[in-house]
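Peer 1: Dropping in model_13.cif, with mmCIF, C-alpha atoms and all ligand atoms.
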```cif
data_start
loop_
_atom_site.label_atom_id
_atom_site.label_comp_id
_atom_site.auth_asym_id
_atom_site.auth_seq_id
_atom_site.Cartn_x
_atom_site.Cartn_y
_atom_site.Cartn_z
CA MET A 1 0.00 0.00 0.00
CA TRP A 2 2.78 2.42 0.87
CA ALA A 3 4.53 1.69 -2.42
CA ALA A 4 1.31 2.51 -4.29
CA LEU A 5 0.62 5.68 -2.29
CA ASP A 6 4.21 6.86 -2.67
CA ASN A 7 3.80 6.52 -6.42
CA GLY A 8 0.56 8.45 -6.70
CA LEU A 9 -1.86 5.52 -6.73
CA TYR A 10 -4.75 6.05 -4.36
CA ILE A 11 -5.71 3.18 -2.09
CA PRO A 12 -8.24 4.19 0.56
CA ASN A 13 -7.00 3.59 4.08
CA LEU A 14 -8.06 4.76 7.50
CA CYS A 15 -6.24 2.47 9.88
CA ALA A 16 -2.75 2.12 8.44
CA THR A 17 0.27 3.50 10.27
CA ARG A 18 3.46 3.39 8.27
CA GLU A 19 5.71 2.88 11.25
CA ALA A 20 3.62 0.20 12.92
CA VAL A 21 5.38 -3.16 12.79
CA THR A 22 2.12 -5.10 12.46
CA PRO A 23 -0.67 -3.60 10.34
CA PHE A 24 -3.84 -3.34 12.34
CA ALA A 25 -6.02 -3.91 9.24
CA SER A 26 -9.32 -2.96 10.83
CA CYS A 27 -10.94 -0.58 8.34
CA ARG A 28 -10.94 -3.04 5.40
CA LEU A 29 -10.92 -0.21 2.89
CA CYS A 30 -7.65 -1.04 1.20
CA PHE A 31 -8.63 -4.14 -0.76
CA VAL A 32 -6.80 -4.71 -4.05
CA GLU A 33 -6.52 -7.62 -6.43
CA ILE A 34 -3.12 -9.08 -7.16
CA GLU A 35 -2.64 -10.84 -10.47
CA GLY A 36 -2.40 -14.58 -9.90
CA ARG A 37 -4.22 -14.51 -6.54
CA PRO A 38 -7.73 -15.98 -6.33
CA THR A 39 -9.19 -13.37 -3.97
CA PRO A 40 -8.62 -9.70 -3.11
CA VAL A 41 -6.27 -8.89 -0.25
CA THR A 42 -5.84 -5.92 2.05
CA ALA A 43 -2.99 -3.87 0.63
CA CYS A 44 -1.76 -2.74 4.05
CA THR A 45 -0.91 -6.32 5.02
CA GLU A 46 0.67 -7.27 1.70
CA PRO A 47 4.38 -6.64 1.17
CA ALA A 48 5.26 -5.30 -2.28
CA SER A 49 7.41 -7.53 -4.42
CA ASP A 50 9.16 -7.32 -7.79
CA GLY A 51 6.82 -7.78 -10.71
CA MET A 52 3.67 -7.64 -8.58
CA ILE A 53 0.70 -6.45 -10.62
CA ILE A 54 -2.10 -4.95 -8.58
CA LYS A 55 -5.57 -3.91 -9.68
CA LEU A 56 -7.18 -1.18 -7.65
CA ASN A 57 -10.70 -0.84 -8.97
CA THR A 58 -12.08 -4.20 -10.03
CA ASP A 59 -15.72 -5.05 -9.33
CA LYS A 60 -14.71 -7.35 -6.46
CA VAL A 61 -12.53 -4.65 -4.91
CA LYS A 62 -15.26 -2.04 -5.20
CA ARG A 63 -17.83 -4.34 -3.65
CA LEU A 64 -15.63 -5.18 -0.68
CA ARG A 65 -14.43 -1.69 0.10
CA ASN A 66 -17.84 -0.08 -0.42
CA THR A 67 -19.34 -2.54 2.03
CA ALA A 68 -16.52 -1.88 4.50
CA PHE A 69 -17.11 1.85 4.17
CA GLU A 70 -20.84 1.52 4.76
CA LEU A 71 -20.21 -0.67 7.80
CA LEU A 72 -17.87 1.93 9.27
CA LEU A 73 -20.54 4.57 8.80
CA SER A 74 -23.30 2.45 10.29
CA HIS A 75 -21.49 2.74 13.63
CA HIS A 76 -20.26 6.33 13.36
CA HIS A 77 -22.14 9.28 14.81
CA LEU A 78 -22.62 11.35 11.67
CA ASP A 79 -22.66 14.96 12.75
CA CYS A 80 -20.55 16.63 10.07
CA ALA A 81 -21.96 20.15 10.29
CA ALA A 82 -21.20 20.40 14.01
CA CYS A 83 -18.01 18.30 13.97
CA ALA A 84 -14.60 19.89 14.53
CA LYS A 85 -13.18 17.63 11.82
CA ASN A 86 -15.65 18.74 9.16
CA LYS A 87 -13.79 19.04 5.82
CA LYS A 88 -10.69 17.42 7.38
CA CYS A 89 -12.26 14.05 8.08
CA GLY A 90 -10.93 10.78 6.68
CA LEU A 91 -14.45 9.49 6.08
CA GLN A 92 -15.35 12.56 4.04
CA GLU A 93 -12.10 12.33 2.07
CA THR A 94 -12.62 8.64 1.37
CA ALA A 95 -16.22 9.25 0.26
CA ALA A 96 -15.06 12.01 -2.08
CA HIS A 97 -12.29 9.86 -3.58
CA LEU A 98 -14.56 6.88 -4.13
CA GLY A 99 -17.72 8.74 -5.10
CA LEU A 100 -19.63 7.31 -2.13
CA LYS A 101 -22.24 8.86 0.10
CA LEU A 102 -21.86 9.29 3.84
CA LYS A 103 -25.45 8.27 4.48
CA SER A 104 -25.83 4.61 3.64
CA LYS A 105 -29.29 3.27 2.99
CA ARG A 106 -28.17 -0.35 2.83
CA PHE A 107 -27.35 -0.96 6.47
CA ARG A 108 -29.31 -0.15 9.57
CA ARG A 109 -27.55 2.39 11.71
CA ILE A 110 -26.33 1.15 15.07
CA PRO A 111 -25.93 4.33 17.10
CA ARG A 112 -23.88 4.35 20.28
CA ASN A 113 -24.71 6.59 23.18
CA LEU A 114 -21.43 6.53 25.02
CA PRO A 115 -20.35 9.36 27.32
CA VAL A 116 -18.08 11.98 25.76
CA ASP A 117 -14.90 12.58 27.77
CA SER A 118 -14.22 16.33 28.01
CA SER A 119 -12.22 16.01 31.23
CA HIS A 120 -8.93 16.94 29.57
CA THR A 121 -8.05 20.61 29.27
CA LEU A 122 -6.68 20.18 25.75
CA PHE A 123 -8.90 17.73 23.91
CA ILE A 124 -12.21 15.90 23.77
CA TYR A 125 -12.78 12.19 23.17
CA ASP A 126 -16.10 11.22 21.64
CA PRO A 127 -16.24 7.41 21.34
CA ASN A 128 -19.46 7.68 19.33
CA LYS A 129 -17.42 8.96 16.40
CA CYS A 130 -14.58 6.47 16.76
CA ILE A 131 -14.10 4.07 13.84
CA LEU A 132 -11.77 1.76 15.82
CA CYS A 133 -8.87 2.35 13.45
CA GLY A 134 -6.45 1.87 16.36
CA LYS A 135 -4.17 4.76 15.36
CA CYS A 136 -4.60 6.54 18.70
CA VAL A 137 -3.85 3.33 20.60
CA TRP A 138 -0.68 2.88 18.58
CA ALA A 139 0.34 6.55 18.95
CA CYS A 140 -0.28 6.54 22.72
CA GLU A 141 1.75 3.38 23.11
CA ASN A 142 4.45 4.72 20.83
CA GLN A 143 4.73 7.81 23.02
CA GLY A 144 5.31 5.56 26.01
CA SER A 145 1.98 6.37 27.67
CA GLY A 146 -0.26 3.42 26.87
CA VAL A 147 -3.26 5.23 28.30
CA LEU A 148 -5.60 4.31 25.45
CA GLU A 149 -6.52 0.71 24.80
CA PHE A 150 -9.24 -1.38 23.21
CA ALA A 151 -11.91 -2.54 25.60
CA PHE A 152 -14.74 -5.08 25.26
CA ARG A 153 -15.37 -7.26 22.21
CA GLY A 154 -17.30 -7.45 18.97
CA ILE A 155 -19.88 -4.74 18.39
CA ASP A 156 -19.19 -3.39 21.90
CA THR A 157 -15.50 -2.74 21.24
CA ILE A 158 -14.37 0.78 22.11
CA VAL A 159 -11.16 2.66 22.63
CA SER A 160 -10.97 3.57 26.26
CA THR A 161 -8.79 4.12 29.28
CA PHE A 162 -8.28 1.41 31.89
CA SER A 163 -11.65 0.88 33.61
CA SER A 164 -12.99 3.78 31.49
CA ILE A 165 -11.67 6.35 33.94
CA PRO A 166 -11.53 9.95 32.64
CA LEU A 167 -8.43 10.80 30.60
CA THR A 168 -7.25 13.29 33.21
CA GLU A 169 -7.07 10.55 35.81
CA ALA A 170 -5.60 7.94 33.48
CA GLY A 171 -2.07 9.34 33.29
CA CYS A 172 -2.38 11.12 29.94
CA THR A 173 0.78 13.16 29.33
CA ALA A 174 -1.02 15.61 27.02
CA CYS A 175 1.30 14.93 24.06
CA LEU A 176 -1.77 15.09 21.78
CA ALA A 177 -0.35 12.38 19.54
CA CYS A 178 -3.75 10.66 19.61
CA VAL A 179 -5.46 13.83 18.41
CA GLY A 180 -2.87 14.21 15.68
CA VAL A 181 -3.49 10.76 14.22
CA CYS A 182 -7.27 10.41 14.65
CA PRO A 183 -8.69 10.41 11.11
CA VAL A 184 -12.20 11.35 12.23
CA GLY A 185 -13.78 13.57 14.86
CA ALA A 186 -13.37 11.18 17.77
CA LEU A 187 -10.32 12.90 19.26
CA VAL A 188 -10.27 16.63 18.67
CA ALA A 189 -8.43 19.54 20.24
CA LYS A 190 -10.46 21.98 22.28
CA PRO A 191 -10.96 25.43 20.73
CA GLY A 192 -7.85 27.57 21.02
CA VAL A 193 -5.42 24.66 21.33
CA GLY A 194 -2.51 25.25 18.95
CA PRO A 195 -1.18 23.08 16.13
CA ILE A 196 -1.23 19.39 16.98
CA PHE A 197 2.08 17.66 17.40
CA ILE A 198 2.22 14.63 15.14
CA PRO A 199 4.76 12.25 16.62
CA ARG A 200 6.26 10.98 13.37
CA ALA A 201 5.73 11.63 9.72
CA GLY A 202 3.57 9.24 7.75
CA ILE A 203 0.98 8.15 10.28
S1 LIG B 301 -5.70 0.35 5.69
FE1 LIG B 301 -5.75 -1.77 5.28
S2 LIG B 301 -7.38 -2.49 6.49
FE2 LIG B 301 -7.30 -0.35 6.97
#
```
Would you encode the structure as structure tokens?

Peer 2:
Amino acid sequence: MWAALDNGLYIPNLCATREAVTPFASCRLCFVEIEGRPTPVTACTEPASDGMIIKLNTDKVKRLRNTAFELLLSHHHLDCAACAKNKKCGLQETAAHLGLKLKSKRFRRIPRNLPVDSSHTLFIYDPNKCILCGKCVWACENQGSGVLEFAFRGIDTIVSTFSSIPLTEAGCTACLACVGVCPVGALVAKPGVGPIFIPRAGI
């Protein structure tokens, strides 16, 4: 995937972190077909090799990634007009690239009504907008904090602190790396907070 992106070929992706040793592969948007392989694969988990021929927009690929996109949206609190990430959101960018709509009619929406954590002086965490990409978990760990983790399983999975305690009590060091990598409006800086420090390029 990185080889394609570095060479101007667009492959949608919302969960990939270039520096992560193991791709998290949760968003399922990056499907491609590789010549000689029977089924599409996720590009973020597939090392590039000499002579590899990839197809980015076959019918199978479109079907898989469109479904993945709609599933992400079925669980995302869609609130674009009031969202701090409006016009800078990975979901909006992906929809624009792929010609998809943000309001899916195919799948029933499964709204979450989880408490929003505004306890921190610098940022807000709204788990109802989280797409479980795992970038914040990786960034927090990479900064040596490890405050954010996945909790629960299946449809109930969320990113949370240990025992869901407020971020201020969880040992957050306020590096804002999580805010810098969040592709949607789940982790956003409070008004007036300056440019977000992004820990390393490419994530
Ligand atoms: S970028 Fe490959 S699964 Fe998300």

Peer 1: Box for ligand LIG 301 (chain B) - axis-aligned, 8 Å on each of the six sides, all listed atoms - centre and size in Å to one decimal, as lines of an AutoDock Vina configuration file.

Peer 2:
```
center_x = -6.5
center_y = -1.1
center_z = 6.1
size_x = 17.7
size_y = 18.8
size_z = 17.7
```

Peer 1: Would you list the residues that come within 6 Å of ligand LIG 301 (chain B)? Count all atoms listed in the file and give the answer as a PyMOL selection string.

Peer 2: chain A and resi 13-16+25-30+42-44

Peer 1: Any chance you can output those residues with C-alpha atoms as a compact mmCIF listing (two decimals), in the coordinates of the input?

Peer 2:
```txt
# COMPACT_ATOMS: atom_id res chain seq x y z
CA ASN A 13 -7.00 3.59 4.08
CA LEU A 14 -8.06 4.76 7.50
CA CYS A 15 -6.24 2.47 9.88
CA ALA A 16 -2.75 2.12 8.44
CA ALA A 25 -6.02 -3.91 9.24
CA SER A 26 -9.32 -2.96 10.83
CA CYS A 27 -10.94 -0.58 8.34
CA ARG A 28 -10.94 -3.04 5.40
CA LEU A 29 -10.92 -0.21 2.89
CA CYS A 30 -7.65 -1.04 1.20
CA THR A 42 -5.84 -5.92 2.05
CA ALA A 43 -2.99 -3.87 0.63
CA CYS A 44 -1.76 -2.74 4.05
```

Peer 1: Which residues come within 9 Å of stretch 79-84 of chain A, counting only C-alpha atoms, excluding same-chain residues fewer than 2 positions away, as a PyMOL selection string?

Peer 2: chain A and resi 76-77+86-89+92+129+185+188-189

Peer 1: Within 12 Å of (-6.3, 15.5, 11.6) (file coordinates; only C-alpha atoms), which protein or nucleic acid residues are there? I'd like them as a ChimeraX atom specification.

Peer 2: /A:14,84-91,93,135-136,176-189,195-198,203

Peer 1: Dig up all the protein and nucleic acid residues within 7 Å of (-6.6, -3.6, -1.8) in the file frame, using only C-alpha atoms, and format them as a count of residues only.

Peer 2: 11

Peer 1: Just to confirm, what's the straight-line distance from atom CA of A:Glu19 to atom CA of A:Gly154 in Å (one decimal)?

Peer 2: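 The value is 26.4 Å.
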
Peer 1: What is the atom CA of A:Ala95-atom CA of A:Thr67 distance in Å, reported with one decimal?

Peer 2: 12.3 Å

Peer 1: Can you work out which one of A:Asn7, A:Thr94, A:Ser164, A:Asn57 has the shortest atom-to-atom distance to A:Pro115, counting only C-alpha atoms?

Peer 2: A:Ser164

Peer 1: Atom CA of A:Pro47 to atom CA of A:Gly134: how many Å, to one decimal?

Peer 2: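 Atom CA of A:Gly134 lies at a distance of 20.5 Å from atom CA of A:Pro47.
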
Peer 1: Env of A:Ile165: 12 Å cut, atoms = all atoms listed in the file, seq-sep filter 6 positions within chain, self excluded. Answer as a PyMOL selection string.

Peer 2: chain A and resi 115-120+147-149+159+171-172

Peer 1: Considering only C-alpha atoms, state which residue in the set A:Leu167, A:Ile54, A:Ile34, A:Val21 is at the smallest distance from A:Leu122.

Peer 2: A:Leu167

Peer 1: Determine, counting all atoms listed in the file, which protein, DNA and RNA residues have an atom within 12 Å of an atom of A:Thr157; residues of the same chain fewer than 4 positions away are not included. Present the result as a ChimeraX atom specification.

Peer 2: /A:75,112,114,127-128,130-134,149-153

Peer 1: May I have the residues from that selection written out with C-alpha atoms, as a PDB file, in the frame of the given file?

Peer 2:
```
ATOM      1  CA  HIS A  75     -21.490   2.740  13.630  1.00  0.00           C
ATOM      2  CA  ARG A 112     -23.880   4.350  20.280  1.00  0.00           C
ATOM      3  CA  LEU A 114     -21.430   6.530  25.020  1.00  0.00           C
ATOM      4  CA  PRO A 127     -16.240   7.410  21.340  1.00  0.00           C
ATOM      5  CA  ASN A 128     -19.460   7.680  19.330  1.00  0.00           C
ATOM      6  CA  CYS A 130     -14.580   6.470  16.760  1.00  0.00           C
ATOM      7  CA  ILE A 131     -14.100   4.070  13.840  1.00  0.00           C
ATOM      8  CA  LEU A 132     -11.770   1.760  15.820  1.00  0.00           C
ATOM      9  CA  CYS A 133      -8.870   2.350  13.450  1.00  0.00           C
ATOM     10  CA  GLY A 134      -6.450   1.870  16.360  1.00  0.00           C
ATOM     11  CA  GLU A 149      -6.520   0.710  24.800  1.00  0.00           C
ATOM     12  CA  PHE A 150      -9.240  -1.380  23.210  1.00  0.00           C
ATOM     13  CA  ALA A 151     -11.910  -2.540  25.600  1.00  0.00           C
ATOM     14  CA  PHE A 152     -14.740  -5.080  25.260  1.00  0.00           C
ATOM     15  CA  ARG A 153     -15.370  -7.260  22.210  1.00  0.00           C
TER      16      ARG A 153
END
```

Peer 1: Under the rule that only C-alpha atoms are counted, which of A:Cys175, A:Phe69, A:Ile53, A:Pro23 is the nearest residue to A:Ala139?

Peer 2: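 Nearest candidate to A:Ala139 out of A:Cys175, A:Phe69, A:Ile53, A:Pro23: A:Cys175.
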